Amino acid sequence: MLKDHQDAFGHEIHDYLKEKRGDREIIERDDGYFDVSGGPKAYFTEYKEWAPTERKAMRYARGRVLDIGSGAGRHSLYLQGKGLEVLGIDNSPLAIEVCKLRGLRNAEVVPISQISSRLGIFDTVLMLGNNFGLFGSFEGARRLLKRLSRIASAKGRIIAQSADVYKTDNPDHLSYHEFNRKRGRMAGQIRLRVRYKKYTTPWLDYLLVSKKEMESILEGTDWKINRFIDSDSPIYIAIIDKVKE
């Protein structure tokens, strides 16, 4: 769980909820590169404003849902409104407060590394908003996929979003891929932290993968790709089903 001075994202969306405006977060990479986000408004968009890939992905949600990295709760609230039982979790205390203030009935401060059977059994696990990245690394993904298997029902499903980092011609990104390879990391294993006003998160690993890399991560686990939902950008969504025993 993040301490208050580390909860940059939480403060950003909490400010927006209160004031309907907010400064943008800064994403800093460990090679010195930084970028500015599109701003907090995107985390509060309604279904009709979502990308077509996200709207299509919602059709695959079923049963009891775990929303990992729920943020401001837009996906959780949509599915709750459709009558599904949803639990939103996030490592940001303020993000969970925002979810509750917006009407999400079930929300808890739980980092992905602390997911356990205490939360119950789920039919669908959401990892949208590029939250496949929360796995952090190849090894981390394999380890956490085992944990998710233990809390998934026989018809368990993961709906995960990622981005193919190789679909770029930005020289700063291409040099970072090479920087990662030289230190034994996947090209898209980004080490980053987020800044907002006086708040800064700890450094964390965030994993972006190609479809082929995602399939490699899943090989030999209890999970397999059902289908991909493509977009016109490097972003895509994978529907990942639990292998039937």
# chains A, B, ... in the order shown; residues from 1 in each chain; ligands from 1
$ select_by_dssp --residues "stretch 61-225 of chain A" --states "strand (DSSP E or B)" --output "ChimeraX atom specification"
/A:65-68,86-90,107-109,122-127,152-163,189-196,199-200,204-207,223-225
$ write_last_selection --atoms "C-alpha atoms" --output "compact mmCIF listing (two decimals), in the first residue's frame"
# COMPACT_ATOMS: atom_id res chain seq x y z
CA VAL A 65 -15.27 -9.69 -11.30
CA LEU A 66 -11.93 -8.60 -9.81
CA ASP A 67 -10.71 -5.27 -11.21
CA ILE A 68 -6.95 -5.05 -10.60
CA VAL A 86 -17.36 -6.40 -8.77
CA LEU A 87 -14.45 -5.95 -6.38
CA GLY A 88 -12.06 -3.13 -7.27
CA ILE A 89 -8.54 -3.25 -5.83
CA ASP A 90 -5.66 -0.79 -6.06
CA ALA A 107 -13.34 -1.68 -3.16
CA GLU A 108 -10.23 -2.46 -1.13
CA VAL A 109 -6.62 -1.29 -0.91
CA PHE A 122 -13.65 -14.80 -9.41
CA ASP A 123 -14.91 -15.58 -12.90
CA THR A 124 -13.33 -12.52 -14.52
CA VAL A 125 -10.14 -10.59 -13.75
CA LEU A 126 -9.86 -7.16 -15.34
CA MET A 127 -6.42 -5.74 -16.13
CA ALA A 152 -10.19 -18.11 -10.50
CA SER A 153 -13.21 -20.33 -11.02
CA ALA A 154 -13.19 -23.18 -13.53
CA LYS A 155 -14.45 -20.71 -16.13
CA GLY A 156 -11.96 -18.05 -15.04
CA ARG A 157 -10.98 -15.36 -17.53
CA ILE A 158 -8.49 -12.48 -17.61
CA ILE A 159 -9.23 -9.43 -19.74
CA ALA A 160 -5.87 -7.69 -20.07
CA GLN A 161 -4.63 -4.66 -21.98
CA SER A 162 -1.07 -4.11 -23.14
CA ALA A 163 0.83 -2.29 -25.87
CA GLN A 189 10.14 -3.88 -18.98
CA ILE A 190 9.97 -0.22 -18.06
CA ARG A 191 11.29 1.07 -14.77
CA LEU A 192 9.33 4.19 -13.92
CA ARG A 193 7.83 6.39 -11.28
CA VAL A 194 4.94 8.85 -11.37
CA ARG A 195 5.04 12.45 -10.13
CA TYR A 196 2.11 14.72 -9.35
CA TYR A 199 3.84 13.43 -4.60
CA THR A 200 6.12 10.78 -6.12
CA LEU A 204 8.41 0.19 -10.14
CA ASP A 205 8.72 -2.19 -13.05
CA TYR A 206 5.92 -1.97 -15.61
CA LEU A 207 5.77 -4.53 -18.41
CA TRP A 223 -3.92 -19.71 -18.93
CA LYS A 224 -4.21 -19.44 -22.72
CA ILE A 225 -5.16 -16.76 -25.22
$ residues_around --residues "A:Glu25" --least-positions-apart "3" --cutoff "10 Å" --atoms "only C-alpha atoms" --output "VMD selection string"
chain A and resid 8 to 9 11 to 13 22 28 35 to 40 194 to 197 199 to 200
$ residues_around --residues "A:Leu2" --least-positions-apart "6" --cutoff "9 Å" --atoms "only C-alpha atoms" --output "mmCIF file with all heavy atoms, in the first residue's frame"
data_model
loop_
_atom_site.group_PDB
_atom_site.id
_atom_site.type_symbol
_atom_site.label_atom_id
_atom_site.label_comp_id
_atom_site.auth_asym_id
_atom_site.auth_seq_id
_atom_site.Cartn_x
_atom_site.Cartn_y
_atom_site.Cartn_z
ATOM 1 N N ASN A 91 -3.430 -0.312 -5.201
ATOM 2 C CA ASN A 91 -2.481 -0.056 -4.115
ATOM 3 C C ASN A 91 -2.534 1.401 -3.655
ATOM 4 O O ASN A 91 -1.801 1.796 -2.750
ATOM 5 C CB ASN A 91 -1.059 -0.444 -4.526
ATOM 6 C CG ASN A 91 -0.449 0.497 -5.551
ATOM 7 O OD1 ASN A 91 -1.161 1.219 -6.254
ATOM 8 N ND2 ASN A 91 0.870 0.466 -5.666
ATOM 9 N N SER A 92 -3.395 2.189 -4.281
ATOM 10 C CA SER A 92 -3.564 3.606 -3.935
ATOM 11 C C SER A 92 -4.772 3.781 -3.027
ATOM 12 O O SER A 92 -5.913 3.600 -3.458
ATOM 13 C CB SER A 92 -3.765 4.437 -5.213
ATOM 14 O OG SER A 92 -4.338 5.694 -4.905
ATOM 15 N N PRO A 93 -4.560 4.168 -1.762
ATOM 16 C CA PRO A 93 -5.696 4.405 -0.860
ATOM 17 C C PRO A 93 -6.657 5.475 -1.388
ATOM 18 O O PRO A 93 -7.879 5.330 -1.260
ATOM 19 C CB PRO A 93 -5.032 4.844 0.446
ATOM 20 C CG PRO A 93 -3.669 4.214 0.408
ATOM 21 C CD PRO A 93 -3.266 4.277 -1.036
ATOM 22 N N PRO A 111 -2.520 -4.338 -3.075
ATOM 23 C CA PRO A 111 -1.582 -4.404 -4.189
ATOM 24 C C PRO A 111 -1.692 -5.752 -4.905
ATOM 25 O O PRO A 111 -2.092 -6.754 -4.295
ATOM 26 C CB PRO A 111 -0.212 -4.260 -3.518
ATOM 27 C CG PRO A 111 -0.501 -3.723 -2.151
ATOM 28 C CD PRO A 111 -1.845 -4.239 -1.782
ATOM 29 N N THR A 201 5.694 8.458 -6.623
ATOM 30 C CA THR A 201 5.620 7.037 -6.312
ATOM 31 C C THR A 201 7.025 6.453 -6.192
ATOM 32 O O THR A 201 7.999 7.029 -6.693
ATOM 33 C CB THR A 201 4.885 6.256 -7.412
ATOM 34 O OG1 THR A 201 5.689 6.258 -8.617
ATOM 35 C CG2 THR A 201 3.521 6.844 -7.713
ATOM 36 N N PRO A 202 7.147 5.295 -5.551
ATOM 37 C CA PRO A 202 8.429 4.575 -5.617
ATOM 38 C C PRO A 202 8.681 4.116 -7.062
ATOM 39 O O PRO A 202 7.755 4.052 -7.880
ATOM 40 C CB PRO A 202 8.190 3.362 -4.698
ATOM 41 C CG PRO A 202 6.979 3.691 -3.889
ATOM 42 C CD PRO A 202 6.152 4.595 -4.732
#
$ residues_around --residues "A:Ile237" --least-positions-apart "2" --cutoff "9 Å" --atoms "only C-alpha atoms" --output "number ranges by chain"
A: 53-54, 57, 128, 130, 159-163, 227-231, 235, 239
$ closest_residue --among "A:Lys100, A:Lys56, A:His14, A:Arg142" --to "A:Glu215" --atoms "only C-alpha atoms"
A:Arg142
$ closest_atom_pairs --of "stretch 59-147 of chain A" --to "stretch 16-19 of chain A" --cutoff "12 Å" --atoms "only C-alpha atoms" --output "JSON lines"
{"residue": "A:Ala72", "atom": "CA", "partner": "A:Leu17", "partner_atom": "CA", "distance": 9.0}
{"residue": "A:Gly73", "atom": "CA", "partner": "A:Leu17", "partner_atom": "CA", "distance": 11.8}
{"residue": "A:Leu94", "atom": "CA", "partner": "A:Leu17", "partner_atom": "CA", "distance": 10.9}
{"residue": "A:Ala95", "atom": "CA", "partner": "A:Leu17", "partner_atom": "CA", "distance": 10.5}
{"residue": "A:Glu97", "atom": "CA", "partner": "A:Leu17", "partner_atom": "CA", "distance": 10.6}
{"residue": "A:Val98", "atom": "CA", "partner": "A:Leu17", "partner_atom": "CA", "distance": 7.4}
{"residue": "A:Cys99", "atom": "CA", "partner": "A:Leu17", "partner_atom": "CA", "distance": 10.2}
{"residue": "A:Lys100", "atom": "CA", "partner": "A:Leu17", "partner_atom": "CA", "distance": 11.7}
{"residue": "A:Leu101", "atom": "CA", "partner": "A:Leu17", "partner_atom": "CA", "distance": 9.0}
{"residue": "A:Arg102", "atom": "CA", "partner": "A:Leu17", "partner_atom": "CA", "distance": 8.8}
$ closest_residue --among "A:Ile112, A:Ala61, A:Val243, A:Leu77" --to "A:Leu134" --atoms "only C-alpha atoms"
A:Ile112
$ select_by_dssp --residues "stretch 61-175 of chain A" --states "helix (DSSP H, G or I)" --output "ChimeraX atom specification"
/A:74-81,93-101,112-114,117-119,131-135,138-150,171-175
$ closest_residue --among "A:Lys82, A:His75, A:Arg143, A:Lys242" --to "A:Thr45" --atoms "only C-alpha atoms"
A:His75
$ residues_around --residues "A:Ile217" --least-positions-apart "2" --cutoff "12 Å" --atoms "only C-alpha atoms" --output "VMD selection string"
chain A and resid 132 135 to 146 186 207 to 215 219 to 225 240
$ write_last_selection --atoms "C-alpha atoms" --output "CSV table (one decimal), in the first residue's frame"
chain,number,residue,atom,x,y,z
A,132,PHE,CA,-1.0,-6.3,-17.8
A,135,PHE,CA,3.0,-8.0,-13.6
A,136,GLY,CA,6.3,-6.1,-13.8
A,137,SER,CA,8.5,-8.8,-15.5
A,138,PHE,CA,8.4,-12.1,-17.2
A,139,GLU,CA,9.1,-13.9,-13.9
A,140,GLY,CA,6.7,-11.7,-12.0
A,141,ALA,CA,3.9,-12.5,-14.5
A,142,ARG,CA,4.5,-16.2,-14.3
A,143,ARG,CA,4.4,-16.1,-10.5
A,144,LEU,CA,1.3,-13.9,-10.3
A,145,LEU,CA,-0.6,-15.9,-13.0
A,146,LYS,CA,-0.3,-18.9,-10.6
A,186,MET,CA,12.6,-7.6,-21.6
A,207,LEU,CA,5.8,-4.5,-18.4
A,208,LEU,CA,4.6,-3.8,-21.9
A,209,VAL,CA,4.7,-6.8,-24.3
A,210,SER,CA,3.9,-7.8,-27.9
A,211,LYS,CA,1.3,-10.5,-28.5
A,212,LYS,CA,4.0,-13.0,-29.2
A,213,GLU,CA,5.7,-12.2,-25.9
A,214,MET,CA,2.4,-12.4,-24.0
A,215,GLU,CA,1.9,-15.9,-25.5
A,219,GLU,CA,3.0,-20.9,-22.2
A,220,GLY,CA,3.0,-23.7,-19.6
A,221,THR,CA,0.7,-21.8,-17.2
A,222,ASP,CA,-3.0,-22.4,-16.4
A,223,TRP,CA,-3.9,-19.7,-18.9
A,224,LYS,CA,-4.2,-19.4,-22.7
A,225,ILE,CA,-5.2,-16.8,-25.2
A,240,ILE,CA,-7.2,-15.0,-21.6
$ closest_residue --among "A:Asn106, A:Asp15, A:Glu49, A:Asp31" --to "A:His177" --atoms "only C-alpha atoms"
A:Asp31
$ atom_distance --atom1 "atom CA of A:Lys48" --atom2 "atom CA of A:Tyr78"
10.8 Å
